[in-house]
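Student: Structure file run.tsv (TSV, C-alpha atoms) right here:
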```tsv
chain	number	residue	atom	x	y	z
T	138	MET	CA	94.79	92.83	54.66
T	139	ASN	CA	97.94	94.97	54.63
T	140	VAL	CA	100.92	92.61	54.36
T	141	GLN	CA	103.08	94.47	56.86
T	142	PHE	CA	100.21	94.57	59.34
T	143	LYS	CA	99.63	90.85	59.04
T	144	LYS	CA	103.34	90.21	59.57
T	145	GLY	CA	103.33	92.22	62.79
T	146	VAL	CA	100.28	90.38	64.06
T	147	LEU	CA	101.87	87.04	63.16
T	148	GLU	CA	104.93	87.96	65.23
T	149	LEU	CA	102.71	88.76	68.21
T	150	CYS	CA	100.88	85.42	67.80
T	151	VAL	CA	104.10	83.39	67.62
T	152	LEU	CA	105.68	85.17	70.60
T	153	SER	CA	102.50	84.80	72.65
T	154	LEU	CA	102.29	81.07	71.99
T	155	ILE	CA	105.94	80.52	72.95
T	156	ALA	CA	105.46	82.75	76.01
T	157	ARG	CA	102.92	80.31	77.47
T	158	ARG	CA	105.21	77.30	77.02
T	159	ASP	CA	107.99	76.04	74.77
T	160	ARG	CA	106.71	75.02	71.35
T	161	TYR	CA	108.09	73.28	68.30
T	162	GLY	CA	107.68	74.63	64.78
T	163	TYR	CA	104.99	72.33	63.48
T	164	GLU	CA	102.93	72.82	66.62
T	165	LEU	CA	103.13	76.61	66.26
T	166	VAL	CA	102.04	76.44	62.65
T	167	GLU	CA	99.08	74.16	63.51
T	168	GLU	CA	98.02	76.33	66.42
T	169	ILE	CA	98.05	79.56	64.39
T	170	SER	CA	96.46	78.02	61.29
T	171	LYS	CA	93.46	77.02	63.40
T	172	SER	CA	92.57	80.66	63.86
T	173	ILE	CA	94.25	82.69	61.13
T	174	GLU	CA	94.63	81.99	57.44
T	175	ILE	CA	98.35	82.09	56.58
T	176	ALA	CA	100.82	80.56	54.16
T	177	GLU	CA	102.28	78.20	56.73
T	178	GLY	CA	105.72	78.29	55.10
T	179	THR	CA	106.22	81.91	56.19
T	180	ILE	CA	106.36	80.97	59.89
T	181	TYR	CA	109.81	79.39	59.62
T	182	PRO	CA	111.62	82.50	58.32
T	183	LEU	CA	109.89	84.41	61.13
T	184	LEU	CA	111.10	81.90	63.74
T	185	ARG	CA	114.58	82.15	62.31
T	186	ARG	CA	114.53	85.93	62.66
T	187	LEU	CA	113.17	85.82	66.21
T	188	THR	CA	115.98	83.43	67.12
T	189	LYS	CA	118.61	85.60	65.43
T	190	GLU	CA	117.34	88.67	67.26
T	191	GLY	CA	117.71	86.86	70.55
T	192	PHE	CA	113.99	86.77	71.36
T	193	CYS	CA	114.05	82.99	71.62
T	194	THR	CA	116.44	80.06	71.79
T	195	THR	CA	116.07	76.58	70.34
T	196	TYR	CA	116.76	73.06	71.53
T	197	LEU	CA	116.10	69.65	70.04
T	198	ALA	CA	114.04	67.00	71.79
T	199	GLU	CA	113.27	63.45	70.72
T	200	SER	CA	109.64	62.44	70.65
T	201	MET	CA	107.90	59.09	70.80
T	202	GLU	CA	105.88	59.76	67.68
T	203	GLY	CA	107.40	61.42	64.65
T	204	PRO	CA	110.79	63.08	64.08
T	205	PRO	CA	112.81	65.03	66.69
T	206	ARG	CA	111.27	68.36	67.59
T	207	LYS	CA	113.04	71.70	67.48
T	208	TYR	CA	111.61	73.61	70.44
T	209	TYR	CA	111.57	77.38	70.80
T	210	ARG	CA	111.91	79.00	74.22
T	211	LEU	CA	111.35	82.70	74.89
T	212	THR	CA	114.24	84.73	76.36
T	213	PRO	CA	113.64	87.58	78.86
T	214	GLU	CA	114.12	89.99	75.95
T	215	GLY	CA	111.52	88.03	73.99
T	216	HIS	CA	109.08	88.38	76.88
T	217	GLU	CA	109.58	92.14	76.84
T	218	VAL	CA	108.95	92.33	73.10
T	219	GLN	CA	105.83	90.17	73.45
T	220	GLN	CA	104.49	92.47	76.18
T	221	ARG	CA	105.20	95.56	74.09
T	222	LEU	CA	103.57	94.13	70.96
T	223	LEU	CA	100.57	93.04	73.01
T	224	ARG	CA	100.12	96.55	74.43
T	225	GLU	CA	100.40	98.04	70.93
T	226	TRP	CA	97.85	95.57	69.63
T	227	GLU	CA	95.40	96.29	72.45
T	228	GLN	CA	95.75	100.04	71.92
T	229	PHE	CA	95.14	99.54	68.23
T	230	VAL	CA	92.01	97.42	68.76
T	231	GLN	CA	90.73	99.92	71.31
T	232	GLY	CA	91.33	102.74	68.83
T	233	VAL	CA	89.44	100.94	66.09
T	234	GLN	CA	86.57	100.21	68.50
T	235	ASN	CA	86.36	103.89	69.41
T	236	VAL	CA	86.17	104.92	65.78
T	237	VAL	CA	83.73	102.22	64.71
T	238	LYS	CA	81.38	102.68	67.62
T	239	GLY	CA	81.74	106.47	67.52
T	240	GLU	CA	82.67	106.89	71.17
B	1275	MET	CA	103.84	68.43	44.86
B	1276	THR	CA	105.71	65.78	46.86
B	1277	LYS	CA	108.05	66.51	49.75
B	1278	ALA	CA	111.11	65.88	47.56
B	1279	GLU	CA	109.82	68.17	44.81
B	1280	TYR	CA	108.94	70.92	47.25
B	1281	LEU	CA	112.32	70.83	48.99
B	1282	ALA	CA	114.18	70.70	45.66
B	1283	GLU	CA	112.26	73.72	44.37
B	1284	LEU	CA	112.92	75.62	47.58
B	1285	GLU	CA	116.60	74.75	47.58
B	1286	LYS	CA	116.94	75.92	43.99
B	1287	ARG	CA	115.53	79.32	44.95
B	1288	LEU	CA	117.72	79.79	48.00
B	1289	GLY	CA	121.00	79.98	46.10
B	1290	ASP	CA	121.91	83.33	47.70
B	1291	LEU	CA	122.07	81.90	51.20
B	1292	SER	CA	125.16	80.47	52.83
B	1293	ALA	CA	125.31	76.66	52.70
B	1294	GLU	CA	124.82	76.45	56.46
B	1295	GLU	CA	121.79	78.72	56.52
B	1296	ARG	CA	120.21	76.96	53.57
B	1297	ALA	CA	120.71	73.56	55.20
B	1298	GLU	CA	119.15	74.80	58.44
B	1299	LEU	CA	116.07	76.18	56.73
B	1300	LEU	CA	115.62	73.13	54.52
B	1301	ALA	CA	115.83	70.97	57.65
B	1302	ASP	CA	112.96	73.02	59.13
B	1303	TYR	CA	110.78	72.37	56.08
B	1304	GLU	CA	111.80	68.75	55.91
B	1305	ALA	CA	110.82	68.29	59.57
B	1306	HIS	CA	107.55	70.07	58.81
B	1307	PHE	CA	106.74	67.48	56.13
B	1308	GLU	CA	107.67	64.66	58.50
B	1309	HIS	CA	105.44	66.01	61.26
B	1310	GLY	CA	102.64	66.48	58.76
B	1311	ARG	CA	102.99	62.91	57.53
B	1312	ALA	CA	103.02	61.65	61.14
B	1313	SER	CA	99.68	63.35	61.71
B	1314	GLY	CA	98.24	61.69	58.61
B	1315	ARG	CA	98.50	64.44	56.00
B	1316	SER	CA	99.44	63.84	52.38
B	1317	ASP	CA	102.50	65.60	50.92
B	1318	GLU	CA	100.13	67.34	48.54
B	1319	GLU	CA	98.13	68.83	51.38
B	1320	ILE	CA	101.19	69.83	53.41
B	1321	ALA	CA	102.75	71.58	50.40
B	1322	GLU	CA	99.47	73.34	49.64
B	1323	ARG	CA	99.26	74.70	53.17
B	1324	LEU	CA	102.90	75.77	53.25
B	1325	GLY	CA	102.30	77.97	50.23
B	1326	PRO	CA	104.23	77.92	46.93
B	1327	PRO	CA	108.00	77.45	47.40
B	1328	GLN	CA	108.50	80.61	45.31
B	1329	LEU	CA	106.59	82.64	47.91
B	1330	VAL	CA	108.42	81.03	50.81
B	1331	ALA	CA	111.78	81.66	49.09
B	1332	ARG	CA	110.88	85.33	48.49
B	1333	GLU	CA	109.99	85.69	52.16
B	1334	ILE	CA	113.34	84.20	53.14
B	1335	GLN	CA	115.24	86.38	50.64
B	1336	TYR	CA	113.55	89.47	52.03
B	1337	GLN	CA	114.49	88.50	55.56
B	1338	LEU	CA	118.05	87.89	54.42
B	1339	SER	CA	118.33	91.26	52.67
B	1340	VAL	CA	116.95	93.01	55.75
B	1341	ASP	CA	119.42	91.18	58.00
B	1342	GLU	CA	122.29	92.25	55.75
B	1343	ALA	CA	121.13	95.87	55.57
B	1344	ARG	CA	120.87	95.95	59.35
B	1345	ALA	CA	124.30	94.51	59.92
B	1346	ASN	CA	125.89	96.94	57.50
B	1347	PRO	CA	123.55	99.63	56.11
B	1348	THR	CA	125.06	100.58	52.75
B	1349	VAL	CA	122.92	102.23	50.06
B	1350	ARG	CA	123.17	99.08	47.94
B	1351	ARG	CA	121.97	96.82	50.70
B	1352	ILE	CA	119.15	99.14	51.66
B	1353	ALA	CA	118.15	99.31	48.00
B	1354	ARG	CA	118.17	95.51	47.87
B	1355	ALA	CA	115.94	95.35	50.91
B	1356	VAL	CA	113.64	97.97	49.35
B	1357	PHE	CA	113.30	95.97	46.15
B	1358	ALA	CA	112.84	92.69	48.01
B	1359	GLY	CA	110.15	94.50	49.98
B	1360	VAL	CA	108.53	95.71	46.75
B	1361	GLY	CA	108.53	92.08	45.57
B	1362	LEU	CA	106.62	91.04	48.67
B	1363	GLY	CA	104.17	93.90	48.36
B	1364	LEU	CA	105.44	95.62	51.49
B	1365	MET	CA	106.25	98.76	49.60
B	1366	ASN	CA	104.46	100.38	46.75
B	1367	VAL	CA	106.70	100.88	43.77
B	1368	LEU	CA	104.10	103.30	42.36
B	1369	MET	CA	105.00	105.68	45.17
B	1370	LEU	CA	108.34	106.04	43.42
B	1371	LEU	CA	107.28	105.67	39.81
B	1372	ILE	CA	104.37	108.13	39.73
B	1373	PRO	CA	106.31	111.16	41.04
B	1374	PHE	CA	109.15	110.20	38.72
B	1375	ALA	CA	106.87	110.06	35.67
B	1376	ILE	CA	105.06	113.32	36.55
B	1377	GLY	CA	108.34	115.12	37.18
B	1378	MET	CA	109.82	113.93	33.90
B	1379	LEU	CA	106.72	115.02	31.95
B	1380	LEU	CA	106.71	118.48	33.53
B	1381	LEU	CA	110.41	118.96	32.85
B	1382	ALA	CA	110.10	117.76	29.26
B	1383	GLY	CA	107.18	120.16	28.73
B	1384	LEU	CA	109.18	123.04	30.15
B	1385	PHE	CA	112.14	122.34	27.89
B	1386	VAL	CA	109.97	122.05	24.77
B	1387	LEU	CA	108.26	125.36	25.61
B	1388	ALA	CA	111.62	127.04	26.29
B	1389	ALA	CA	113.08	125.74	23.03
B	1390	TYR	CA	110.04	126.83	21.06
B	1391	LEU	CA	110.08	130.36	22.50
B	1392	THR	CA	113.82	130.70	21.97
B	1393	VAL	CA	113.66	129.82	18.29
B	1394	SER	CA	110.40	131.71	17.65
B	1395	PRO	CA	112.19	134.79	16.20
B	1396	VAL	CA	113.84	132.52	13.65
B	1397	LEU	CA	110.49	130.95	12.85
B	1398	MET	CA	109.05	134.44	12.29
B	1399	LEU	CA	111.90	135.28	9.98
B	1400	VAL	CA	111.23	132.12	7.98
B	1401	GLN	CA	107.53	132.94	7.83
B	1402	ASP	CA	107.78	136.60	6.89
B	1403	GLY	CA	111.20	136.89	5.26
B	1404	TRP	CA	113.15	140.16	5.44
B	1405	SER	CA	110.19	142.50	5.35
B	1406	VAL	CA	108.70	145.54	7.08
B	1407	GLU	CA	106.32	143.16	8.76
B	1408	PHE	CA	109.22	141.29	10.33
B	1409	LEU	CA	110.84	144.50	11.50
B	1410	LEU	CA	107.55	145.58	13.09
B	1411	LYS	CA	107.39	142.28	14.92
B	1412	LEU	CA	110.98	142.62	16.15
B	1413	PRO	CA	110.08	143.86	19.67
B	1414	LEU	CA	107.67	140.93	20.00
B	1415	ALA	CA	110.38	138.54	18.80
B	1416	ALA	CA	112.84	139.95	21.33
B	1417	GLY	CA	110.22	139.54	24.05
B	1418	LEU	CA	109.58	135.92	23.09
B	1419	LEU	CA	113.30	135.22	23.00
B	1420	GLY	CA	113.68	136.69	26.48
B	1421	LEU	CA	110.75	134.66	27.74
B	1422	GLY	CA	112.27	131.55	26.18
B	1423	LEU	CA	115.55	132.15	27.98
B	1424	ILE	CA	113.71	132.62	31.28
B	1425	PHE	CA	111.88	129.32	30.74
B	1426	TRP	CA	115.18	127.72	29.88
B	1427	VAL	CA	116.70	128.81	33.17
B	1428	ALA	CA	113.56	127.65	34.98
B	1429	ALA	CA	113.80	124.22	33.32
B	1430	VAL	CA	117.44	123.84	34.35
B	1431	LYS	CA	116.50	124.87	37.90
B	1432	GLY	CA	113.66	122.38	37.63
B	1433	ILE	CA	116.10	119.53	37.08
B	1434	THR	CA	117.85	120.36	40.35
B	1435	LEU	CA	114.52	120.51	42.18
B	1436	PHE	CA	113.41	117.27	40.56
B	1437	VAL	CA	116.55	115.43	41.66
B	1438	LYS	CA	116.12	116.79	45.20
B	1439	TRP	CA	112.48	115.71	45.21
B	1440	MET	CA	113.26	112.19	44.03
B	1441	LEU	CA	115.99	111.89	46.64
B	1442	ALA	CA	113.55	112.98	49.34
B	1443	ILE	CA	111.05	110.32	48.23
B	1444	LEU	CA	113.77	107.68	48.15
B	1445	GLN	CA	114.92	108.82	51.56
B	1446	SER	CA	111.42	108.47	53.00
B	1447	ASN	CA	111.23	104.96	51.55
B	1448	VAL	CA	114.58	104.16	53.11
B	1449	GLU	CA	113.25	105.53	56.43
B	1450	LYS	CA	110.29	103.20	56.12
B	1451	VAL	CA	112.60	100.27	55.50
B	1452	LYS	CA	114.75	101.31	58.45
B	1453	GLU	CA	111.58	101.46	60.54
B	1454	LYS	CA	110.90	97.88	59.53
B	1455	LEU	CA	114.48	96.92	60.31
B	1456	LYS	CA	113.99	97.89	63.94
```
Represent the structure from my file as structure tokens, please.
Tutor:
Amino acid sequence: MNVQFKKGVLELCVLSLIARRDRYGYELVEEISKSIEIAEGTIYPLLRRLTKEGFCTTYLAESMEGPPRKYYRLTPEGHEVQQRLLREWEQFVQGVQNVVKGE
Amino acid sequence: MTKAEYLAELEKRLGDLSAEERAELLADYEAHFEHGRASGRSDEEIAERLGPPQLVAREIQYQLSVDEARANPTVRRIARAVFAGVGLGLMNVLMLLIPFAIGMLLLAGLFVLAAYLTVSPVLMLVQDGWSVEFLLKLPLAAGLLGLGLIFWVAAVKGITLFVKWMLAILQSNVEKVKEKLK
């Protein structure tokens, strides 16, 4: 698959997961890896960028099992971006469906 | 690859980053290993799933170069982002190289032809010597010389066009990078 395309989709996936509730890095990676084949190490640079761009903020939380967790929370701007990417994705899928099914 | 080996390899390849940024990222990967261990995975398996540290480092370098180009878009920084992008397979270097190669071949051909036509009267003189035959061919020689000069001018013009063309292609690549910077 086109690398740039996959990157865009990955961004939508990450934003969508954080939109539902705050998540920590490892959890995000696990969740996405269940459904999409990725090099898991590429999620962290993406999270770093999303944070830098102000789409999400981070906070640390201790946990009973395992090391402290760095949680990501979506900002209002992040919600907007997620909505926009989702619309673009749906339009794209619809477009492909139209072509494939010849409607 | 163990956790220590993986982190050492990654750290080695992130030399361009500021100490703070590098420490932050390495902490992310270290935590990732710890979480993986806590859920019963071996270092080997965690490293395998993360992907080679070289790939991860390239990804980070690309992100860094894009950040820099965004903050302060100089030609050098954009070029760095373009090449980092080429390294990741985001941009096709052939899109630049093929037009460059074709343009160079065409120009070289034009110059060779122009040079050949320009010196053709001399070649005729060498072939025929000072003879009636040469004098009879004189109008032809003059024609060829003229044609050669025209080709010469065309070739020089061609260089200007070629440079413009390459700049346009570069520009469109820069636009694509800018698009990705958004």
Student: Within 6 Å of chain T, which residues belong to chain B? Use only C-alpha atoms and report them as a short mmCIF file (atom, residue, chain, number, x, y, z; two decimals) with C-alpha atoms, in the coordinates of the input.
Tutor:
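selection-v6.cif, freshly written:
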```cif
data_model
loop_
_atom_site.label_atom_id
_atom_site.label_comp_id
_atom_site.auth_asym_id
_atom_site.auth_seq_id
_atom_site.Cartn_x
_atom_site.Cartn_y
_atom_site.Cartn_z
CA HIS B 1306 107.55 70.07 58.81
CA ALA B 1312 103.02 61.65 61.14
CA ARG B 1323 99.26 74.70 53.17
CA LEU B 1324 102.90 75.77 53.25
CA GLY B 1325 102.30 77.97 50.23
CA VAL B 1330 108.42 81.03 50.81
CA ILE B 1334 113.34 84.20 53.14
CA LEU B 1364 105.44 95.62 51.49
#
```
Student: Please, what distance in Å, to one decimal, runs between CA of Gly215 in chain T and CA of Leu187 in chain T?
Tutor: 8.3 Å
Student: Nearest residue to Glu217 in chain T out of T:Ser153, T:Thr195, T:Ser200, T:Gln231, using only C-alpha atoms?
Tutor: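 Distance minimum relative to Glu217 in chain T lands on T:Ser153.
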Student: Just checking: using only C-alpha atoms, which residue out of B:Leu1288, B:Ala1429, B:Ala1301, B:Ala1442 ends up closest to Phe1385 in chain B?
Tutor: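 The answer is B:Ala1429, which sits nearest to Phe1385 in chain B.
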Student: Please indicate the distance in Å from CA of Glu214 in chain T to CA of Leu149 in chain T, rounded to one decimal place.
Tutor: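 Going from CA of Glu214 in chain T over to CA of Leu149 in chain T, I get 13.8 Å.
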Student: Draw an axis-aligned box over all listed atoms of range 212-219 of chain T, pad each side with 3 Å, and write its centre and edge lengths in Å, one decimal, as AutoDock Vina command-line options.
Tutor:
```
--center_x 110.0 --center_y 88.5 --center_z 76.0 --size_x 14.4 --size_y 13.6 --size_z 11.8
```
Student: Compare B:Leu1435, B:Val1396, B:Leu1338, B:Ala1428 by their minimum atom-to-atom distance to Leu1291 in chain B, counting all atoms listed in the file, and give me the closest one.
Tutor: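 Smallest separation from Leu1291 in chain B among the options: B:Leu1338.
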Student: Looking at T:Tyr208, T:Val146, T:Pro213, T:Lys238, which one is nearest to Glu225 in chain T, with distances taken over all atoms listed in the file?
Tutor: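 The answer is T:Val146, which sits nearest to Glu225 in chain T.
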Student: One decimal, Å: what's the distance from CA of Ala1388 in chain B over to CA of Leu1419 in chain B, could you say?
Tutor: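 These two atoms are separated by 9.0 Å.
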Student: I'd like the contact shell of Leu152 in chain T - 12 Å cut-off, all atoms listed in the file, skipping same-chain residues fewer than 3 positions apart - returned as a ChimeraX atom specification.
Tutor: /T:145-149,155-160,165,169,180,183-184,186-188,192-194,209-223
Student: Restricting the calculation to all atoms listed in the file, which member of B:Ala1278, B:Ile1320, B:Glu1308, B:Arg1332 is positioned closest to Asp1290 in chain B?
Tutor: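 Of B:Ala1278, B:Ile1320, B:Glu1308, B:Arg1332, the one nearest Asp1290 in chain B, counting all atoms listed in the file, is B:Arg1332.
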